[in-house]
Structure formats: structure tokens, C-alpha cells
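K.L.:
Structure below; questions to follow.
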Amino acid sequence: MGQNDLMGTAEDFADQFLRVTKQYLPHVARLCLISTFLEDGIRMWFQWSEQRDYIDTTWSCGYLLASSFVFLNLLGQLTGCVLVLSRNFVQYACFGLFGVIALQTIAYSILWDLKFLMRNLALGGGLLLLLAESRSEGKSMFAGVPTMRESSPKQYMQLGGRVLLVLMFMTLLHFDASFFSIVQNIVGTALMILVAIGFKTKLAALTLVVWLFAINVYFNAFWTIPVYKPMHDFLKYDFFQTMSVIGGLLLVVALGPGGVSMDEKKKEW
């Protein structure tokens with residue numbers, strides 16, 4: 001079987017998968033995407049005093065301001081999750097969750113930790129894709145009415161979302177000389193580039209979903225660590241952040257790459 005035949009078979013499989021799951025995929029994508037906010041919001045409730053004391057100690061802002069920060073995080077994240085899952089005021093929910101990411105980036109000094117900063121940006125990329133999806137849903141109310149091509153803001157949101165999602169994979173690259181790591185880096189980088197430029201996008205994104213899910217379950221198995229150990233919380237945080245990026249990639253699979261992509265340009269050639 002030639003390389004083109006193999007690629008054609010893989011693309012056929014991706015199309016078949018999309019046909020079978022198209023009713024459920026956007027819902028699964030949204031649930032995965034908001035999972036990190038849901039988990040963090042619930043953790044804020046159960047670790048209220050620890051979170052408050054950490055903010056108070058780090059910023060010397062006092063009991064009241066530290067408590068307000070934790071409350072704002074809890075309320076912002078859980079409200080945003082409920083709105084996204086219920087498909088109500090999705091755009092406002094996304095802006096609220098963007099605000100939570102920005103607030104946490106500053107409050108937890110993530111700005112100076114490149115790995116966590118890239119993961120937060122990847123999370124922002126997932127929210128951009130969700131925002132683009134909510135815009136297309138709004139337009140679908142006027143189905144059958146002749147319109148111009150996709151609006152530029154939506155196209156560029158999808159492009160920005162794809163590029164930011166790629167940052168997640170840069171944090172997973174292993175810089176050692178083992179054969180497995182070299183193969184993993186080459187394959188992962190190739191798939192990242194395909195998603196970023198929007199070439200064979202659905203197939204590349206679906207492959208990354210499978211790969212990232214396997215890595216996530218293997219390396220971030222927080223359920224194997226006792227709850228009282230700090231590593232349990234660390235792995236849990238990593239696990240749900242990765243699930244959110246998987247949600248973003250599933251949105252790419254469900255929605256397609258958008259107008260600013262090689263897949264779309266090929267249709268014009």
C-alpha cells in the first residue's frame with residue numbers, strides 16, 4: 001500500500017468517525033475543554049483556607065482581599081462552566097474564563113514559569129475555538145440566507161486557537177537521546193505544524209487527541225497517588241489541563257480549521 005493510499009485510508013477513517021460522532025463530539029469537546037476550570041473551581045471550595053493563605057502570604061494583601069480572590073476564582077470558573085455546558089451566554093462565559101486565566105497567571109506567578117505559561121496560553125486557545133463555535137451557532141439561526149464568506153474575526157479566532165493549542169505540545173517534548181523520545185518529538189512536531197497551518201487538519205487533530213490522551217493517562221495518573229501527597233494535586237492539575245487542550249483539539253475536529261488554513265485554500269485552487 002502506497003503512502004497516498006495510507007493517507008487516504010486514514011482520512012476516510014477520520015471522516016467516518018466524524019459522521020458517526022458529529023452529534024456528540026461538540027458536547028464532549030466542550031466538557032473536556034472546561035474540565036480544568038470545573039476541577040479548579042471545586043478545588044477552590046475544598047481548599048479554601050489553603051488557597052487564601054497562599055495568596056495572602058505571596059502578595060501580603062490581607063485576609064479580606066485573599067478571600068475575595070478565591071471567591072472570584074470559584075464563582076467565575078463554576079459559573080462559566082455551567083453557562084458553556086448549558087449553551088447560554090457562551091461568549092460572556094468565555095470572556096469570564098479568559099479573565100480567570102489572566103488573574104491566575106499573575107496571582108500564581110505563572111508569567112515567570114515558561115511551561116505553565118505555555119499551558120495557560122494553550123487553554124486560552126481552546127477558549128478562542130469555543131468562542132468561534134458560539135459565533136457560528138449564532139449565525140446558523142439565519143440558515144438559507146445568502147451571506148458573504150465566513151467573517152474574518154471568526155476565521156482569525158480559529159487560527160489563533162489552533163496556534164495556541166500547539167504550545168501545549170511544546171511542553172511535552174523530551175530533549176534526550178533515546179530512540180522513543182526522538183520518534184515522539186518528530187511525529188508530535190509534524191502533527192503540531194499540520195494543525196497550526198491547517199493542513200489535513202481534522203486527521204492531524206484527531207491523531208493528536210489519541211496521542212495526548214494516552215500520554216495523559218500514563219504520565220498524569222493522579223488516582224494512583226494517595227490524596228494526602230502533594231504529587232496527587234500536581235498530577236491532577238496537569239491531567240485536567242491536558243484534558244482541556246484535548247477538548248480544544250476535538251473542537252478543531254468538529255468545526256474544521258476555518259478560513260485561514262491550507263485545507264480551505266486548497267478548495268479554491
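Residues are referred to by chain and number: the chain letter is A, B, ... according to the order shown in the C-alpha cells, the number counts from 1 in that chain, and ligands are numbered separately from 1 in the order shown.
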So that I can check the surroundings of Ile225 (chain A), please list as a ChimeraX atom specification every protein, DNA and RNA residue that reaches within 9 Å of it, counting only C-alpha atoms and ignoring chain neighbours fewer than 5 positions away.
P.N.:
/A:231-232,235
K.L.:
With a distance cut-off of 12 Å and only C-alpha atoms, select the neighbouring residues of Ile110 (chain A), excluding the residue or stretch itself and same-chain residues fewer than 5 positions from it, and output the selection as a list of chain:residue names.
P.N.:
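These residues fall inside the cut-off: A:Ile101, A:Ala102, A:Leu103, A:Gln104, A:Thr105, A:Lys115, A:Phe116, A:Leu117, A:Met118, A:Arg119, A:Asn120, A:Leu121.
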K.L.:
Would you put the residues from that selection into a file with N, CA and C atoms, as a PDB file, in the first residue's frame?
P.N.:
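So again.pdb came out as:
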ATOM      1  N   ILE A 101      -8.087  33.066  33.688  1.00  0.00           N
ATOM      2  CA  ILE A 101      -6.734  32.659  33.264  1.00  0.00           C
ATOM      3  C   ILE A 101      -5.741  33.795  33.506  1.00  0.00           C
ATOM      4  N   ALA A 102      -6.127  35.020  33.108  1.00  0.00           N
ATOM      5  CA  ALA A 102      -5.244  36.184  33.281  1.00  0.00           C
ATOM      6  C   ALA A 102      -4.958  36.438  34.768  1.00  0.00           C
ATOM      7  N   LEU A 103      -6.010  36.358  35.584  1.00  0.00           N
ATOM      8  CA  LEU A 103      -5.890  36.594  37.027  1.00  0.00           C
ATOM      9  C   LEU A 103      -4.956  35.564  37.669  1.00  0.00           C
ATOM     10  N   GLN A 104      -5.147  34.297  37.308  1.00  0.00           N
ATOM     11  CA  GLN A 104      -4.320  33.233  37.885  1.00  0.00           C
ATOM     12  C   GLN A 104      -2.866  33.324  37.410  1.00  0.00           C
ATOM     13  N   THR A 105      -2.688  33.733  36.146  1.00  0.00           N
ATOM     14  CA  THR A 105      -1.332  33.871  35.595  1.00  0.00           C
ATOM     15  C   THR A 105      -0.523  34.870  36.413  1.00  0.00           C
ATOM     16  N   LYS A 115       6.773  26.824  31.201  1.00  0.00           N
ATOM     17  CA  LYS A 115       5.941  25.641  30.950  1.00  0.00           C
ATOM     18  C   LYS A 115       4.474  25.918  31.294  1.00  0.00           C
ATOM     19  N   PHE A 116       4.239  26.490  32.471  1.00  0.00           N
ATOM     20  CA  PHE A 116       2.860  26.764  32.887  1.00  0.00           C
ATOM     21  C   PHE A 116       2.244  27.893  32.067  1.00  0.00           C
ATOM     22  N   LEU A 117       3.071  28.878  31.676  1.00  0.00           N
ATOM     23  CA  LEU A 117       2.579  29.969  30.850  1.00  0.00           C
ATOM     24  C   LEU A 117       2.100  29.435  29.497  1.00  0.00           C
ATOM     25  N   MET A 118       2.879  28.540  28.886  1.00  0.00           N
ATOM     26  CA  MET A 118       2.500  27.964  27.587  1.00  0.00           C
ATOM     27  C   MET A 118       1.228  27.145  27.700  1.00  0.00           C
ATOM     28  N   ARG A 119       1.086  26.441  28.825  1.00  0.00           N
ATOM     29  CA  ARG A 119      -0.139  25.648  29.025  1.00  0.00           C
ATOM     30  C   ARG A 119      -1.357  26.555  29.211  1.00  0.00           C
ATOM     31  N   ASN A 120      -1.166  27.664  29.917  1.00  0.00           N
ATOM     32  CA  ASN A 120      -2.271  28.617  30.084  1.00  0.00           C
ATOM     33  C   ASN A 120      -2.654  29.261  28.763  1.00  0.00           C
ATOM     34  N   LEU A 121      -1.642  29.543  27.923  1.00  0.00           N
ATOM     35  CA  LEU A 121      -1.920  30.104  26.591  1.00  0.00           C
ATOM     36  C   LEU A 121      -2.663  29.081  25.736  1.00  0.00           C
TER      37      LEU A 121
END
K.L.:
Leaving out Ala190 (chain A) and any residue of its chain fewer than 3 positions from it, which residues lie within 12 Å of it when counting only C-alpha atoms, given as a list in words?
P.N.:
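Counting only C-alpha atoms, the residues come to Val166, Phe169, Met170, Val183, Gln184, Asn185, Ile186, Val187, Ile193, Leu194, Val195, Ala196, Ile197, Phe199, Lys200, Thr201, Ala204, Ala205, Thr207 and Leu208 of chain A.
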K.L.:
Filtering to all heavy atoms, could you give me those residues as a short mmCIF file (atom, residue, chain, number, x, y, z; two decimals), in the first residue's frame?
P.N.:
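Output (result-v7.cif):
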data_model
loop_
_atom_site.label_atom_id
_atom_site.label_comp_id
_atom_site.auth_asym_id
_atom_site.auth_seq_id
_atom_site.Cartn_x
_atom_site.Cartn_y
_atom_site.Cartn_z
N VAL A 166 -1.10 24.45 20.00
CA VAL A 166 0.19 23.83 19.68
C VAL A 166 1.20 24.02 20.81
O VAL A 166 2.06 23.18 21.04
CB VAL A 166 0.71 24.42 18.34
CG1 VAL A 166 2.20 24.24 18.18
CG2 VAL A 166 -0.01 23.77 17.17
N PHE A 169 1.91 21.16 23.20
CA PHE A 169 2.78 20.05 22.80
C PHE A 169 4.25 20.39 22.96
O PHE A 169 5.06 19.50 23.15
CB PHE A 169 2.45 19.64 21.36
CG PHE A 169 1.05 19.15 21.25
CD1 PHE A 169 0.05 20.00 20.85
CD2 PHE A 169 0.71 17.86 21.64
CE1 PHE A 169 -1.27 19.57 20.80
CE2 PHE A 169 -0.60 17.44 21.60
CZ PHE A 169 -1.59 18.29 21.18
N MET A 170 4.57 21.68 22.90
CA MET A 170 5.95 22.09 23.09
C MET A 170 6.40 21.79 24.53
O MET A 170 7.57 21.56 24.78
CB MET A 170 6.11 23.56 22.76
CG MET A 170 5.92 23.83 21.27
SD MET A 170 5.95 25.58 20.84
CE MET A 170 7.69 25.94 21.04
N VAL A 183 11.63 9.80 18.17
CA VAL A 183 10.48 9.50 17.29
C VAL A 183 9.26 10.29 17.75
O VAL A 183 8.54 10.90 16.94
CB VAL A 183 10.17 7.98 17.29
CG1 VAL A 183 8.85 7.69 16.60
CG2 VAL A 183 11.30 7.21 16.61
N GLN A 184 9.03 10.30 19.06
CA GLN A 184 7.87 11.01 19.63
C GLN A 184 7.94 12.50 19.30
O GLN A 184 6.94 13.11 18.92
CB GLN A 184 7.88 10.80 21.15
CG GLN A 184 6.66 11.38 21.85
CD GLN A 184 6.67 11.05 23.34
OE1 GLN A 184 6.89 9.93 23.74
NE2 GLN A 184 6.43 12.07 24.15
N ASN A 185 9.15 13.08 19.43
CA ASN A 185 9.32 14.50 19.14
C ASN A 185 9.08 14.82 17.66
O ASN A 185 8.43 15.81 17.32
CB ASN A 185 10.73 14.96 19.53
CG ASN A 185 10.90 15.05 21.04
OD1 ASN A 185 9.93 14.96 21.78
ND2 ASN A 185 12.12 15.20 21.49
N ILE A 186 9.61 13.95 16.78
CA ILE A 186 9.47 14.19 15.33
C ILE A 186 8.00 14.09 14.91
O ILE A 186 7.47 14.98 14.24
CB ILE A 186 10.34 13.19 14.52
CG1 ILE A 186 11.82 13.50 14.73
CG2 ILE A 186 10.00 13.26 13.03
CD1 ILE A 186 12.76 12.44 14.19
N VAL A 187 7.34 13.01 15.33
CA VAL A 187 5.93 12.80 14.97
C VAL A 187 5.05 13.90 15.57
O VAL A 187 4.21 14.49 14.89
CB VAL A 187 5.44 11.40 15.43
CG1 VAL A 187 3.94 11.25 15.19
CG2 VAL A 187 6.19 10.31 14.69
N ILE A 193 2.61 21.08 13.54
CA ILE A 193 2.72 22.01 12.41
C ILE A 193 1.49 21.89 11.50
O ILE A 193 0.93 22.90 11.05
CB ILE A 193 4.03 21.76 11.62
CG1 ILE A 193 5.24 22.14 12.48
CG2 ILE A 193 4.05 22.54 10.31
CD1 ILE A 193 6.58 21.66 11.96
N LEU A 194 1.04 20.65 11.27
CA LEU A 194 -0.15 20.43 10.43
C LEU A 194 -1.38 21.12 11.01
O LEU A 194 -2.16 21.75 10.29
CB LEU A 194 -0.41 18.93 10.26
CG LEU A 194 0.59 18.15 9.40
CD1 LEU A 194 0.22 16.66 9.38
CD2 LEU A 194 0.65 18.68 7.97
N VAL A 195 -1.56 21.01 12.33
CA VAL A 195 -2.71 21.65 12.98
C VAL A 195 -2.58 23.17 12.90
O VAL A 195 -3.54 23.87 12.60
CB VAL A 195 -2.83 21.19 14.46
CG1 VAL A 195 -3.86 22.05 15.21
CG2 VAL A 195 -3.25 19.73 14.54
N ALA A 196 -1.37 23.69 13.15
CA ALA A 196 -1.16 25.14 13.16
C ALA A 196 -1.43 25.76 11.80
O ALA A 196 -2.07 26.81 11.70
CB ALA A 196 0.27 25.46 13.62
N ILE A 197 -0.95 25.11 10.72
CA ILE A 197 -1.13 25.70 9.37
C ILE A 197 -2.45 25.28 8.73
O ILE A 197 -2.85 25.81 7.71
CB ILE A 197 0.04 25.34 8.42
CG1 ILE A 197 0.10 23.81 8.15
CG2 ILE A 197 1.36 25.86 8.96
CD1 ILE A 197 1.14 23.42 7.13
N PHE A 199 -3.43 22.05 7.66
CA PHE A 199 -3.30 21.10 6.54
C PHE A 199 -3.62 19.70 7.03
O PHE A 199 -3.05 19.26 8.01
CB PHE A 199 -1.87 21.15 5.97
CG PHE A 199 -1.67 20.27 4.76
CD1 PHE A 199 -2.31 20.54 3.56
CD2 PHE A 199 -0.86 19.15 4.84
CE1 PHE A 199 -2.13 19.72 2.45
CE2 PHE A 199 -0.67 18.32 3.74
CZ PHE A 199 -1.32 18.61 2.54
N LYS A 200 -4.56 19.01 6.35
CA LYS A 200 -5.05 17.70 6.83
C LYS A 200 -5.45 17.85 8.31
O LYS A 200 -5.15 17.00 9.16
CB LYS A 200 -3.98 16.61 6.71
CG LYS A 200 -3.36 16.47 5.32
CD LYS A 200 -4.26 15.72 4.39
CE LYS A 200 -3.61 15.45 3.03
NZ LYS A 200 -4.53 14.99 2.02
N THR A 201 -6.15 18.93 8.59
CA THR A 201 -6.32 19.38 9.99
C THR A 201 -7.08 18.39 10.85
O THR A 201 -6.67 18.09 11.98
CB THR A 201 -7.06 20.73 10.01
OG1 THR A 201 -6.53 21.56 8.99
CG2 THR A 201 -6.89 21.41 11.35
N ALA A 204 -4.97 15.28 11.57
CA ALA A 204 -3.84 15.60 12.47
C ALA A 204 -4.34 15.85 13.89
O ALA A 204 -3.76 15.36 14.86
CB ALA A 204 -3.09 16.82 11.95
N ALA A 205 -5.45 16.60 14.01
CA ALA A 205 -6.00 16.92 15.34
C ALA A 205 -6.51 15.65 16.03
O ALA A 205 -6.29 15.46 17.23
CB ALA A 205 -7.13 17.94 15.21
N THR A 207 -5.45 12.58 15.52
CA THR A 207 -4.26 11.79 15.91
C THR A 207 -3.65 12.35 17.18
O THR A 207 -3.26 11.60 18.08
CB THR A 207 -3.20 11.81 14.77
OG1 THR A 207 -3.83 11.43 13.56
CG2 THR A 207 -2.06 10.87 15.07
N LEU A 208 -3.58 13.69 17.27
CA LEU A 208 -3.03 14.33 18.47
C LEU A 208 -3.90 14.06 19.69
O LEU A 208 -3.39 13.90 20.80
CB LEU A 208 -2.90 15.84 18.25
CG LEU A 208 -1.64 16.30 17.49
CD1 LEU A 208 -1.72 17.79 17.20
CD2 LEU A 208 -0.37 15.98 18.26
#
K.L.:
Quick one: everything within 10 Å of Trp45 (chain A), counting only C-alpha atoms, minus sequence neighbours fewer than 5 positions away in the same chain. Send it as a short mmCIF file (atom, residue, chain, number, x, y, z; two decimals) with N, CA and C atoms, in the first residue's frame.
P.N.:
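File selection-v6.cif, as written:
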data_model
loop_
_atom_site.label_atom_id
_atom_site.label_comp_id
_atom_site.auth_asym_id
_atom_site.auth_seq_id
_atom_site.Cartn_x
_atom_site.Cartn_y
_atom_site.Cartn_z
N ASP A 40 -10.79 23.05 39.04
CA ASP A 40 -10.14 24.10 39.82
C ASP A 40 -11.16 24.84 40.69
N GLN A 51 -5.78 27.98 49.81
CA GLN A 51 -5.63 28.92 48.69
C GLN A 51 -5.57 30.36 49.19
N VAL A 70 -10.10 34.18 46.05
CA VAL A 70 -10.52 32.77 45.98
C VAL A 70 -11.99 32.68 45.59
N PHE A 71 -12.82 33.56 46.18
CA PHE A 71 -14.26 33.56 45.86
C PHE A 71 -14.50 33.90 44.39
N ASN A 73 -12.44 33.49 41.88
CA ASN A 73 -11.99 32.34 41.09
C ASN A 73 -13.04 31.24 41.07
N LEU A 74 -13.54 30.91 42.25
CA LEU A 74 -14.54 29.85 42.39
C LEU A 74 -15.79 30.19 41.60
N LEU A 75 -16.32 31.41 41.83
CA LEU A 75 -17.56 31.82 41.17
C LEU A 75 -17.37 31.95 39.65
#
K.L.:
Identify which of the residues A:Phe213, A:Thr36, A:Leu249, A:Met157 lies closest to Lys236 (chain A), counting only C-alpha atoms when measuring atom-to-atom distances.
P.N.:
A:Thr36
K.L.:
For the alpha helix (DSSP H) assignment from backbone DSSP, which residues of region 72-149 of chain A qualify? Please present them as a ChimeraX atom specification.
P.N.:
/A:72-86,90-107,114-139
K.L.:
Which of these residues is nearest to Asp15 (chain A), using only C-alpha atoms: A:Gly198, A:Gly62, A:Gly256, A:Gly160?
P.N.:
A:Gly256
K.L.:
Using only C-alpha atoms, which of A:Ser86, A:Thr79, A:Ser261, A:Thr58 sits nearest Leu159 (chain A)?
P.N.:
A:Ser261
